[in-house]
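Trainee: You'll find model31.txt just under this line, and it carries compact mmCIF, C-alpha atoms and all ligand atoms.
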```
# COMPACT_ATOMS: atom_id res chain seq x y z
CA MET T 25 39.67 -40.38 36.85
CA MET T 26 35.96 -39.83 36.97
CA THR T 27 34.56 -37.91 39.92
CA SER T 28 31.15 -38.76 41.33
CA GLN T 29 29.81 -35.50 39.90
CA GLU T 30 30.79 -36.44 36.40
CA PRO T 31 27.81 -37.48 34.27
CA MET T 32 28.03 -40.85 32.54
CA VAL T 33 27.00 -39.24 29.27
CA ARG T 34 27.34 -35.63 28.26
CA VAL T 35 26.31 -34.08 24.98
CA ARG T 36 26.51 -30.32 24.65
CA ALA T 37 25.32 -28.44 21.59
CA PHE T 38 26.06 -31.32 19.26
CA SER T 39 25.60 -30.74 15.55
CA LYS T 40 26.21 -32.86 12.47
CA THR T 41 25.38 -32.26 8.84
CA PHE T 42 25.63 -34.96 6.20
CA TYR T 43 26.10 -34.02 2.56
CA VAL T 44 24.12 -36.32 0.35
CA GLY T 45 24.40 -37.22 -3.31
CA LEU T 46 26.37 -35.71 -6.14
CA ARG T 47 25.07 -32.26 -5.40
CA ARG T 48 26.13 -32.64 -1.79
CA LYS T 49 22.74 -31.57 -0.55
CA PRO T 50 22.97 -30.89 3.21
CA SER T 51 21.00 -33.10 5.59
CA TYR T 52 20.97 -31.49 9.04
CA ALA T 53 20.86 -34.63 11.15
CA ALA T 54 21.72 -32.81 14.39
CA ARG T 55 21.55 -29.05 14.88
CA ASP T 56 21.63 -28.51 18.63
CA ILE T 57 21.37 -31.54 20.86
CA SER T 58 22.23 -31.51 24.54
CA LEU T 59 21.70 -34.13 27.19
CA GLU T 60 23.25 -35.52 30.34
CA VAL T 61 22.84 -38.89 31.97
CA GLN T 62 23.80 -39.30 35.62
CA PRO T 63 25.18 -42.50 37.16
CA GLY T 64 22.51 -45.10 37.89
CA GLU T 65 19.85 -43.47 35.75
CA ILE T 66 17.70 -44.90 33.01
CA PHE T 67 17.49 -42.19 30.39
CA GLY T 68 14.93 -42.30 27.61
CA PHE T 69 16.05 -40.61 24.41
CA LEU T 70 12.86 -39.74 22.56
CA GLY T 71 12.11 -38.30 19.19
CA PRO T 72 10.15 -39.06 16.05
CA ASN T 73 11.70 -40.79 13.02
CA GLY T 74 14.59 -38.82 11.65
CA ALA T 75 14.95 -36.64 14.76
CA GLY T 76 18.66 -37.40 15.15
CA LYS T 77 18.71 -40.08 17.85
CA THR T 78 20.89 -42.58 16.00
CA THR T 79 23.16 -39.79 14.78
CA THR T 80 23.72 -38.64 18.38
CA ILE T 81 24.30 -42.18 19.61
CA LYS T 82 26.79 -42.88 16.83
CA ALA T 83 28.67 -39.69 17.64
CA LEU T 84 28.81 -40.75 21.29
CA LEU T 85 30.40 -44.05 20.31
CA GLY T 86 32.91 -42.37 18.05
CA LEU T 87 31.39 -43.90 14.92
CA ILE T 88 30.80 -40.51 13.32
CA ARG T 89 32.62 -37.28 13.94
CA PRO T 90 30.63 -34.32 15.26
CA ASP T 91 30.79 -31.00 13.41
CA GLN T 92 30.40 -29.16 16.66
CA GLY T 93 29.69 -29.86 20.27
CA GLU T 94 31.18 -31.38 23.36
CA LEU T 95 30.63 -35.07 23.88
CA SER T 96 31.92 -37.32 26.62
CA LEU T 97 31.33 -40.74 28.16
CA LEU T 98 32.20 -41.46 31.80
CA GLY T 99 34.02 -38.17 31.95
CA HIS T 100 36.29 -38.96 28.99
CA ALA T 101 36.27 -37.25 25.63
CA ILE T 102 35.06 -39.59 22.90
CA SER T 103 38.49 -39.55 21.27
CA ASP T 104 40.01 -40.94 24.48
CA PRO T 105 39.63 -44.76 24.43
CA ALA T 106 39.46 -44.91 28.25
CA TRP T 107 35.65 -45.33 28.27
CA ARG T 108 35.54 -48.20 25.78
CA ALA T 109 35.82 -51.19 28.08
CA ARG T 110 33.03 -49.84 30.28
CA VAL T 111 30.41 -49.05 27.64
CA GLY T 112 28.11 -51.58 25.96
CA TYR T 113 26.37 -50.63 22.73
CA MET T 114 23.46 -52.10 20.87
CA PRO T 115 23.04 -50.63 17.39
CA GLU T 116 19.69 -49.91 15.79
CA HIS T 117 20.12 -52.58 13.13
CA PRO T 118 22.58 -55.09 14.47
CA THR T 119 24.20 -57.08 11.69
CA PHE T 120 26.03 -60.21 12.64
CA TYR T 121 27.97 -62.93 10.93
CA ASP T 122 24.98 -65.17 10.48
CA TYR T 123 26.91 -68.40 10.20
CA LEU T 124 27.87 -68.05 13.87
CA THR T 125 25.67 -69.35 16.64
CA GLY T 126 24.34 -66.90 19.24
CA HIS T 127 26.69 -68.44 21.75
CA GLU T 128 29.74 -68.05 19.49
CA LEU T 129 28.88 -64.44 18.75
CA VAL T 130 28.41 -63.38 22.36
CA THR T 131 31.52 -65.32 23.36
CA TRP T 132 33.43 -63.34 20.77
CA PHE T 133 32.14 -60.04 22.20
CA ALA T 134 33.07 -61.14 25.71
CA ARG T 135 36.57 -62.01 24.47
CA LEU T 136 36.86 -58.57 22.90
CA SER T 137 36.30 -57.12 26.34
CA GLY T 138 39.41 -58.94 27.49
CA VAL T 139 37.99 -62.09 29.10
CA ASN T 140 39.71 -65.47 28.55
CA ARG T 141 37.98 -68.11 26.43
CA ILE T 142 36.62 -70.31 29.21
CA ASP T 143 35.17 -67.35 31.11
CA ALA T 144 33.90 -65.74 27.92
CA GLU T 145 31.98 -68.90 27.03
CA LYS T 146 30.51 -69.03 30.49
CA GLU T 147 29.57 -65.37 30.42
CA ALA T 148 27.98 -65.74 26.98
CA ARG T 149 25.85 -68.61 28.18
CA ALA T 150 24.67 -66.65 31.22
CA LEU T 151 23.89 -63.56 29.13
CA LEU T 152 21.97 -65.50 26.52
CA GLU T 153 19.94 -67.14 29.28
CA ARG T 154 19.30 -63.72 30.73
CA VAL T 155 17.89 -62.39 27.47
CA GLY T 156 15.72 -65.49 27.06
CA LEU T 157 17.72 -67.38 24.45
CA SER T 158 18.75 -70.44 26.43
CA GLN T 159 17.01 -72.75 23.96
CA ALA T 160 18.40 -71.15 20.80
CA MET T 161 21.96 -70.23 21.71
CA ASN T 162 23.54 -73.08 19.81
CA ARG T 163 21.66 -72.40 16.60
CA ARG T 164 23.05 -70.28 13.82
CA LEU T 165 21.99 -66.64 13.80
CA ARG T 166 20.76 -67.12 10.22
CA GLY T 167 17.73 -68.95 11.62
CA TYR T 168 16.92 -66.36 14.31
CA SER T 169 13.78 -64.26 14.19
CA LYS T 170 13.94 -60.47 14.42
CA GLY T 171 13.12 -60.56 18.12
CA MET T 172 15.79 -63.20 18.73
CA LEU T 173 18.39 -61.09 16.93
CA GLN T 174 17.40 -58.11 19.02
CA ARG T 175 17.85 -60.13 22.20
CA THR T 176 21.22 -61.33 20.89
CA GLY T 177 22.19 -57.71 20.27
CA LEU T 178 21.38 -56.93 23.85
CA ALA T 179 23.49 -59.84 25.05
CA THR T 180 26.47 -58.57 23.01
CA ALA T 181 26.01 -55.12 24.58
CA LEU T 182 26.09 -56.68 28.04
CA ALA T 183 29.24 -58.71 27.37
CA GLY T 184 32.15 -57.64 29.53
CA SER T 185 29.81 -56.22 32.19
CA PRO T 186 29.88 -52.55 31.12
CA SER T 187 28.73 -49.90 33.58
CA LEU T 188 26.99 -47.85 30.88
CA LEU T 189 24.67 -49.25 28.23
CA ILE T 190 23.73 -47.32 25.13
CA LEU T 191 20.87 -49.02 23.33
CA ASP T 192 19.45 -47.74 20.07
CA GLU T 193 15.77 -48.75 19.95
CA PRO T 194 16.01 -51.92 22.01
CA MET T 195 12.23 -52.48 22.03
CA THR T 196 11.23 -51.48 18.54
CA GLY T 197 9.87 -54.36 16.52
CA LEU T 198 9.27 -56.62 19.48
CA ASP T 199 5.93 -58.13 20.44
CA PRO T 200 4.40 -57.09 23.80
CA ILE T 201 6.03 -59.98 25.65
CA GLY T 202 9.41 -59.25 24.12
CA ARG T 203 9.04 -55.59 25.07
CA ARG T 204 8.12 -56.47 28.61
CA ASP T 205 11.14 -58.78 28.87
CA ILE T 206 13.48 -56.04 27.65
CA ARG T 207 11.86 -53.51 29.97
CA GLU T 208 12.38 -55.83 32.90
CA LEU T 209 15.94 -56.46 31.85
CA ILE T 210 16.62 -52.71 31.74
CA MET T 211 15.10 -52.33 35.20
CA SER T 212 17.29 -55.15 36.50
CA LEU T 213 20.37 -53.41 35.06
CA LYS T 214 19.43 -50.31 37.01
CA ALA T 215 19.05 -52.42 40.15
CA GLU T 216 22.65 -53.55 39.59
CA GLY T 217 23.76 -49.93 39.57
CA LYS T 218 24.27 -49.68 35.84
CA THR T 219 23.39 -46.65 33.76
CA VAL T 220 21.24 -47.01 30.66
CA LEU T 221 20.56 -44.63 27.81
CA TYR T 222 18.10 -45.92 25.26
CA SER T 223 16.31 -44.40 22.34
CA THR T 224 12.74 -45.19 21.45
CA HIS T 225 9.43 -43.88 20.23
CA ILE T 226 7.41 -46.20 22.42
CA LEU T 227 6.23 -43.80 25.07
CA SER T 228 4.51 -46.33 27.32
CA ASP T 229 7.84 -48.15 27.78
CA VAL T 230 9.49 -44.89 28.72
CA GLU T 231 6.78 -44.11 31.26
CA MET T 232 7.38 -47.46 32.90
CA THR T 233 11.16 -47.45 33.00
CA CYS T 234 12.85 -44.07 32.70
CA ASP T 235 14.07 -41.70 35.40
CA ARG T 236 14.73 -38.92 32.95
CA VAL T 237 13.96 -38.23 29.35
CA GLY T 238 15.33 -36.07 26.60
CA ILE T 239 12.99 -35.22 23.76
CA ILE T 240 14.50 -34.16 20.45
CA ASN T 241 12.89 -33.08 17.21
CA LYS T 242 14.43 -32.16 13.86
CA GLY T 243 17.93 -32.37 15.24
CA ALA T 244 17.38 -30.22 18.32
CA SER T 245 16.62 -30.82 21.99
CA VAL T 246 13.15 -29.62 22.85
CA ARG T 247 12.78 -30.85 26.37
CA THR T 248 14.79 -32.72 28.98
CA GLY T 249 14.11 -33.49 32.59
CA ARG T 250 12.96 -35.93 35.20
CA LEU T 251 9.98 -37.85 33.96
CA ASP T 252 8.03 -37.37 37.21
CA GLU T 253 8.64 -33.61 37.06
CA ILE T 254 7.66 -33.34 33.44
CA LEU T 255 4.50 -35.33 34.08
CA GLY T 256 3.78 -33.65 37.44
CA GLN T 257 4.38 -30.04 36.37
CA THR T 258 1.83 -30.20 33.70
CA ALA T 259 -1.40 -30.92 35.52
CA ARG T 260 -3.19 -28.87 32.92
CA GLY T 261 -6.37 -28.03 34.72
CA TYR T 262 -9.40 -29.94 35.90
CA GLN T 263 -11.41 -32.60 34.24
CA VAL T 264 -15.15 -32.85 34.81
CA VAL T 265 -17.28 -35.81 33.74
CA VAL T 266 -21.03 -35.80 34.26
CA SER T 267 -23.43 -38.62 33.41
CA GLY T 268 -27.17 -39.16 33.75
CA LEU T 269 -28.36 -36.28 31.58
CA GLY T 270 -30.92 -36.71 28.84
CA PRO T 271 -29.85 -36.18 25.22
CA GLU T 272 -31.34 -32.68 25.14
CA ALA T 273 -29.60 -31.54 28.28
CA LEU T 274 -26.38 -33.07 27.00
CA ALA T 275 -26.62 -31.23 23.69
CA ARG T 276 -27.42 -27.95 25.43
CA ALA T 277 -24.50 -28.30 27.85
CA ALA T 278 -22.13 -29.16 25.01
CA ALA T 279 -23.30 -26.14 23.05
CA GLU T 280 -22.78 -23.82 26.02
CA GLN T 281 -19.32 -25.07 26.81
CA ALA T 282 -17.07 -24.88 23.80
CA GLU T 283 -14.54 -27.47 24.99
CA ALA T 284 -17.05 -29.99 26.27
CA GLU T 285 -17.42 -33.29 24.49
CA VAL T 286 -20.18 -35.83 24.65
CA ARG T 287 -18.86 -39.37 24.85
CA GLU T 288 -20.88 -42.50 25.55
CA GLY T 289 -23.76 -40.58 27.05
CA LYS T 290 -21.52 -38.59 29.35
CA ILE T 291 -20.30 -35.05 29.04
CA GLU T 292 -16.62 -34.35 29.59
CA ALA T 293 -14.79 -31.05 29.78
CA LEU T 294 -11.36 -29.79 30.72
CA PHE T 295 -10.88 -26.43 32.48
CA THR T 296 -7.77 -24.51 33.40
CA GLU T 297 -9.48 -22.84 36.37
CA ARG T 298 -10.89 -24.83 39.23
CA ALA T 299 -13.72 -22.31 39.74
CA ALA T 300 -14.90 -22.59 36.15
CA ALA T 301 -14.80 -26.36 36.40
CA TRP T 302 -16.89 -26.21 39.54
CA ASP T 303 -19.43 -23.85 37.97
CA PHE T 304 -19.86 -26.18 35.05
CA ALA T 305 -20.17 -29.27 37.27
CA SER T 306 -22.63 -27.76 39.72
CA HIS T 307 -24.77 -26.38 36.93
CA LEU T 308 -25.14 -29.84 35.41
CA VAL T 309 -25.71 -31.53 38.74
CA ALA T 310 -28.49 -29.02 39.45
CA ALA T 311 -30.01 -30.08 36.12
CA GLY T 312 -30.10 -33.71 37.31
CA GLY T 313 -26.67 -34.94 36.24
CA VAL T 314 -24.41 -37.22 38.25
CA LEU T 315 -20.89 -36.01 38.89
CA GLU T 316 -18.67 -38.92 37.84
CA ARG T 317 -15.35 -37.20 37.98
CA PHE T 318 -13.88 -33.94 39.16
CA GLU T 319 -10.11 -34.10 39.28
CA PRO T 320 -6.87 -32.49 38.25
CA HIS T 321 -6.08 -33.58 34.74
CA ARG T 322 -2.69 -35.25 34.49
CA ASP T 323 -0.86 -34.95 31.28
CA THR T 324 0.45 -38.07 29.63
CA LEU T 325 3.91 -38.36 28.18
CA GLU T 326 2.27 -38.65 24.80
CA GLY T 327 0.50 -35.31 25.22
CA ILE T 328 3.73 -33.67 26.33
CA PHE T 329 5.66 -35.30 23.52
CA MET T 330 3.19 -34.13 20.88
CA ARG T 331 3.09 -30.60 22.24
CA SER T 332 6.87 -30.29 22.50
CA LEU T 333 7.14 -31.30 18.87
CA ALA T 334 4.55 -28.72 17.90
CA THR T 335 5.89 -25.81 19.93
CA GLY T 336 9.57 -26.66 19.88
CA GLU T 337 9.90 -25.35 23.44
CA TYR T 338 13.28 -25.96 25.01
CA LYS T 339 13.68 -26.68 28.69
CA GLU T 340 16.66 -27.98 30.60
N1 LIG T 401 24.83 -41.12 6.86
C1 LIG T 401 23.85 -40.26 6.58
N2 LIG T 401 23.80 -39.59 5.39
C2 LIG T 401 22.84 -38.71 5.12
N3 LIG T 401 21.83 -38.40 5.96
C3 LIG T 401 21.80 -39.02 7.14
C4 LIG T 401 22.81 -39.97 7.52
N4 LIG T 401 22.51 -40.42 8.76
C5 LIG T 401 21.39 -39.78 9.14
N5 LIG T 401 20.97 -38.93 8.17
C6 LIG T 401 19.77 -38.06 8.23
O1 LIG T 401 19.75 -37.42 9.47
C7 LIG T 401 18.44 -37.37 10.02
C8 LIG T 401 18.45 -38.01 11.39
O2 LIG T 401 18.65 -39.40 11.26
P1 LIG T 401 18.77 -40.38 12.50
O3 LIG T 401 19.02 -41.74 11.96
O4 LIG T 401 19.74 -39.85 13.48
O5 LIG T 401 17.29 -40.28 13.12
P2 LIG T 401 16.60 -41.13 14.27
O6 LIG T 401 16.09 -40.16 15.28
O7 LIG T 401 17.49 -42.21 14.75
O8 LIG T 401 15.34 -41.75 13.51
P3 LIG T 401 14.61 -43.19 13.64
O9 LIG T 401 13.64 -43.06 14.77
O10 LIG T 401 13.91 -43.35 12.34
O11 LIG T 401 15.65 -44.23 13.88
C9 LIG T 401 17.55 -38.06 9.01
O12 LIG T 401 16.93 -37.08 8.24
C10 LIG T 401 18.50 -38.89 8.18
O13 LIG T 401 18.05 -39.01 6.88
MG MG T 402 17.40 -44.21 14.73
```
In structure tokens, how does this file's structure come out?
Ligand SMILES: Nc1ncnc2c1ncn2[C@@H]1O[C@H](COP(=O)(O)OP(=O)(O)OP(=O)(O)O)[C@@H](O)[C@H]1O
Ligand SMILES: [Mg+2]
Mentor:
Amino acid sequence: MMTSQEPMVRVRAFSKTFYVGLRRKPSYAARDISLEVQPGEIFGFLGPNGAGKTTTIKALLGLIRPDQGELSLLGHAISDPAWRARVGYMPEHPTFYDYLTGHELVTWFARLSGVNRIDAEKEARALLERVGLSQAMNRRLRGYSKGMLQRTGLATALAGSPSLLILDEPMTGLDPIGRRDIRELIMSLKAEGKTVLYSTHILSDVEMTCDRVGIINKGASVRTGRLDEILGQTARGYQVVVSGLGPEALARAAAEQAEAEVREGKIEALFTERAAAWDFASHLVAAGGVLERFEPHRDTLEGIFMRSLATGEYKE
């Protein structure tokens, strides 16, 4: 039985090497990946192409065997089938029998979760409506667009009402409206008390939806934590923007302050120390400038993401 302390997903020091080709050249897909997802959370699993996201997700679902590491879902080891009925999975590249209709496919998934035919058909209809496919559900998958297939994949993951959803790149390849729909769907799953782990490289989606994130790079975890903490911790100094200076004064100020930049007739600079920022600002205001902005500079997830990839820092 799962206790309330048990995370929904646990990955500890997971590693996996593939041996490729005749020469069995090693490909280190995962070297040291750790993450935990607590009940009710939306967890964003971030990393550039080839970082090891899909490899980790496949190991979690028991589709590939880890070399090393401790992996569990809902408190059960992956080898124990007890978690299966409660986990929904959407693969990165869902492939379906394309002669089926969306409704037949999702019905089939619902039946696999143990529901009788009548209820499975009803559930499939409701799920397809929920993912925005009410018009197309009786057409064959062969004629679906990429976005429609992605939505169908999501509906199959939701079949059987799992408490944990593991979605591999649910938003990639969708247009802005499609992405917004999926984002909203993920938020509504959270509102229902479900737990969601999804991988992506679309940082703006993560900023809008996730409670916690795990960033991986080259097969290793580089940073995990609450999104608000990661974003809040890293107010990296003070930003000053001054307008209203003539071109000469602008050029002089930019030359004096190494990190200052002139942009659209304004001068902008970022300082670690408040006092230095104030010196700079007051100096320019005395020279006739207008102080447009003087505020703590908030880091963006993108900035943090790029820096963690560069430095490889690890933080739990
Ligand atoms: N079956 C396999 N055989 C050989 N190498 C593999 C295999 N699966 C993954 N790899 C390698 O492992 C690394 C990680 O791949 P993975 O698919 O996990 O990355 P990812 O983070 O999901 O990337 P993407 O964002 O592009 O989906 C890559 O270098 C990939 O080539
Ligand atoms: Mg992948």
Trainee: Need to verify the contact set: stretch 38-50 of chain T, 12 Å, all atoms listed in the file, exclusion of same-chain residues closer than 4 positions in sequence. Can you return it as a CSV table (one decimal) with C-alpha atoms, in the coordinates of the input?
Mentor:
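Saved to part-v1.csv:
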```
chain,number,residue,atom,x,y,z
T,34,ARG,CA,27.3,-35.6,28.3
T,54,ALA,CA,21.7,-32.8,14.4
T,55,ARG,CA,21.6,-29.0,14.9
T,56,ASP,CA,21.6,-28.5,18.6
T,57,ILE,CA,21.4,-31.5,20.9
T,58,SER,CA,22.2,-31.5,24.5
T,59,LEU,CA,21.7,-34.1,27.2
T,76,GLY,CA,18.7,-37.4,15.2
T,77,LYS,CA,18.7,-40.1,17.8
T,78,THR,CA,20.9,-42.6,16.0
T,79,THR,CA,23.2,-39.8,14.8
T,80,THR,CA,23.7,-38.6,18.4
T,81,ILE,CA,24.3,-42.2,19.6
T,82,LYS,CA,26.8,-42.9,16.8
T,83,ALA,CA,28.7,-39.7,17.6
T,84,LEU,CA,28.8,-40.8,21.3
T,88,ILE,CA,30.8,-40.5,13.3
T,89,ARG,CA,32.6,-37.3,13.9
T,90,PRO,CA,30.6,-34.3,15.3
T,91,ASP,CA,30.8,-31.0,13.4
T,92,GLN,CA,30.4,-29.2,16.7
T,93,GLY,CA,29.7,-29.9,20.3
T,94,GLU,CA,31.2,-31.4,23.4
T,95,LEU,CA,30.6,-35.1,23.9
T,96,SER,CA,31.9,-37.3,26.6
T,240,ILE,CA,14.5,-34.2,20.4
T,242,LYS,CA,14.4,-32.2,13.9
T,243,GLY,CA,17.9,-32.4,15.2
T,244,ALA,CA,17.4,-30.2,18.3
T,245,SER,CA,16.6,-30.8,22.0
```
Trainee: Give me the residues within 12 Å of T:Gly112 as a PDB file with C-alpha atoms, in the frame of the given file, counting only C-alpha atoms and dropping any in the same chain fewer than 3 places off.
Mentor:
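Produced file around_37.pdb, reproduced below:
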```pdb
ATOM      1  CA  ILE T  81      24.300 -42.180  19.610  1.00  0.00           C
ATOM      2  CA  LEU T  84      28.810 -40.750  21.290  1.00  0.00           C
ATOM      3  CA  LEU T  85      30.400 -44.050  20.310  1.00  0.00           C
ATOM      4  CA  LEU T  97      31.330 -40.740  28.160  1.00  0.00           C
ATOM      5  CA  TRP T 107      35.650 -45.330  28.270  1.00  0.00           C
ATOM      6  CA  ARG T 108      35.540 -48.200  25.780  1.00  0.00           C
ATOM      7  CA  ALA T 109      35.820 -51.190  28.080  1.00  0.00           C
ATOM      8  CA  PRO T 115      23.040 -50.630  17.390  1.00  0.00           C
ATOM      9  CA  PHE T 133      32.140 -60.040  22.200  1.00  0.00           C
ATOM     10  CA  ALA T 134      33.070 -61.140  25.710  1.00  0.00           C
ATOM     11  CA  LEU T 136      36.860 -58.570  22.900  1.00  0.00           C
ATOM     12  CA  SER T 137      36.300 -57.120  26.340  1.00  0.00           C
ATOM     13  CA  GLY T 177      22.190 -57.710  20.270  1.00  0.00           C
ATOM     14  CA  LEU T 178      21.380 -56.930  23.850  1.00  0.00           C
ATOM     15  CA  ALA T 179      23.490 -59.840  25.050  1.00  0.00           C
ATOM     16  CA  THR T 180      26.470 -58.570  23.010  1.00  0.00           C
ATOM     17  CA  ALA T 181      26.010 -55.120  24.580  1.00  0.00           C
ATOM     18  CA  LEU T 182      26.090 -56.680  28.040  1.00  0.00           C
ATOM     19  CA  ALA T 183      29.240 -58.710  27.370  1.00  0.00           C
ATOM     20  CA  GLY T 184      32.150 -57.640  29.530  1.00  0.00           C
ATOM     21  CA  SER T 185      29.810 -56.220  32.190  1.00  0.00           C
ATOM     22  CA  PRO T 186      29.880 -52.550  31.120  1.00  0.00           C
ATOM     23  CA  SER T 187      28.730 -49.900  33.580  1.00  0.00           C
ATOM     24  CA  LEU T 188      26.990 -47.850  30.880  1.00  0.00           C
ATOM     25  CA  LEU T 189      24.670 -49.250  28.230  1.00  0.00           C
ATOM     26  CA  ILE T 190      23.730 -47.320  25.130  1.00  0.00           C
ATOM     27  CA  LEU T 191      20.870 -49.020  23.330  1.00  0.00           C
ATOM     28  CA  ASP T 192      19.450 -47.740  20.070  1.00  0.00           C
ATOM     29  CA  LYS T 218      24.270 -49.680  35.840  1.00  0.00           C
ATOM     30  CA  THR T 219      23.390 -46.650  33.760  1.00  0.00           C
ATOM     31  CA  VAL T 220      21.240 -47.010  30.660  1.00  0.00           C
ATOM     32  CA  LEU T 221      20.560 -44.630  27.810  1.00  0.00           C
ATOM     33  CA  TYR T 222      18.100 -45.920  25.260  1.00  0.00           C
TER      34      TYR T 222
END
```
Trainee: With all atoms listed in the file as the basis for distance, which of T:Gly238, T:Gly64, T:Pro31, T:Pro194 is at the shortest distance from ligand MG 402 (chain T)?
Mentor: T:Pro194
Trainee: So how many Å separate atom CA of T:His225 and atom CA of T:Gly99, to one decimal?
Mentor: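 About the pair atom CA of T:His225 and atom CA of T:Gly99: they are 27.8 Å apart.
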Trainee: Find the spatial neighbours of T:Leu152, counting only C-alpha atoms, within a cut-off of 8 Å - ignore same-chain residues fewer than 6 positions away - and output them as a ChimeraX atom specification.
Mentor: /T:126-127,130,158,161,176,179
Trainee: Mind giving me the straight-line distance from atom O13 of ligand LIG 401 (chain T) to atom CA of T:Asn73 in Å, one decimal?
Mentor: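 Going from atom O13 of ligand LIG 401 (chain T) over to atom CA of T:Asn73 covers 9.0 Å.
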Trainee: Pick from T:Ile239, T:Val230, T:Leu198, T:Val155: nearest to ligand LIG 401 (chain T), with all atoms listed in the file counted?
Mentor: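 Of T:Ile239, T:Val230, T:Leu198, T:Val155, the one nearest ligand LIG 401 (chain T) is T:Ile239, counting all atoms listed in the file.
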Trainee: Check the smallest atom-to-atom distance from each of T:Leu70, T:Val33, T:Met172, T:Leu333 to ligand MG 402 (chain T) using all atoms listed in the file, then report the winner.
Mentor: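 The answer is T:Leu70, which sits nearest to ligand MG 402 (chain T).
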Trainee: Quick check, in Å to one decimal: how far apart do atom CA of T:Arg207 and atom N1 of ligand LIG 401 (chain T) lie?
Mentor: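 Pair atom CA of T:Arg207 / atom N1 of ligand LIG 401 (chain T) returns 29.3 Å.
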Trainee: For T:Lys290, work out the shell of residues within 7 Å, counting only C-alpha atoms and skipping chain neighbours fewer than 6 positions away, then give it as an mmCIF file with C-alpha atoms, in the coordinates of the input.
Mentor:
```
data_model
loop_
_atom_site.group_PDB
_atom_site.id
_atom_site.type_symbol
_atom_site.label_atom_id
_atom_site.label_comp_id
_atom_site.auth_asym_id
_atom_site.auth_seq_id
_atom_site.Cartn_x
_atom_site.Cartn_y
_atom_site.Cartn_z
ATOM 1 C CA VAL T 265 -17.280 -35.810 33.740
ATOM 2 C CA VAL T 266 -21.030 -35.800 34.260
ATOM 3 C CA SER T 267 -23.430 -38.620 33.410
#
```
Trainee: Could you check which of T:Thr125, T:Asn140, T:Thr224, T:Gln263 is closest to ligand LIG 401 (chain T), using only C-alpha atoms and all ligand atoms?
Mentor: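 Residue with the minimum atom-to-atom distance to ligand LIG 401 (chain T): T:Thr224.
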Trainee: Counting all atoms listed in the file, find residues at most 8 Å from (10.2, -37.4, 32.9) (file frame) and give them as a PyMOL selection string.
Mentor: chain T and resi 231+234-237+248-255+325
Trainee: Compare T:Ala75, T:Ile66, T:Leu294, T:Leu269 by their minimum atom-to-atom distance to T:Pro320, counting all atoms listed in the file, and give me the closest one.
Mentor: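 Selected residue with least distance to T:Pro320: T:Leu294.
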Trainee: At a cut-off of 7 Å from (-24.8, -31.1, 28.9) in the coordinates of the file, what residues are picked up using only C-alpha atoms, written as a list in words?
Mentor: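 Final list of nearby residues, as requested, is Leu269, Ala273, Leu274, Ala275, Arg276, Ala277, Ala278, Ile291 and Leu308 of chain T.
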Trainee: Could the residues in this selection be saved with C-alpha atoms as an mmCIF file, in the coordinates of the input?
Mentor:
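Okay, this is what ended up in again-v2.cif:
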```
data_model
loop_
_atom_site.group_PDB
_atom_site.id
_atom_site.type_symbol
_atom_site.label_atom_id
_atom_site.label_comp_id
_atom_site.auth_asym_id
_atom_site.auth_seq_id
_atom_site.Cartn_x
_atom_site.Cartn_y
_atom_site.Cartn_z
ATOM 1 C CA LEU T 269 -28.360 -36.280 31.580
ATOM 2 C CA ALA T 273 -29.600 -31.540 28.280
ATOM 3 C CA LEU T 274 -26.380 -33.070 27.000
ATOM 4 C CA ALA T 275 -26.620 -31.230 23.690
ATOM 5 C CA ARG T 276 -27.420 -27.950 25.430
ATOM 6 C CA ALA T 277 -24.500 -28.300 27.850
ATOM 7 C CA ALA T 278 -22.130 -29.160 25.010
ATOM 8 C CA ILE T 291 -20.300 -35.050 29.040
ATOM 9 C CA LEU T 308 -25.140 -29.840 35.410
#
```
Trainee: Which polymer residues have any atom within 12 Å of an atom of T:Asp199, counting all atoms listed in the file, with same-chain residues fewer than 5 positions away left out, as a list in words?
Mentor: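 That gives Ser169, Lys170, Gly171, Met172, Gln174, Pro194, Arg204, Asp205 and Ile206 of chain T.
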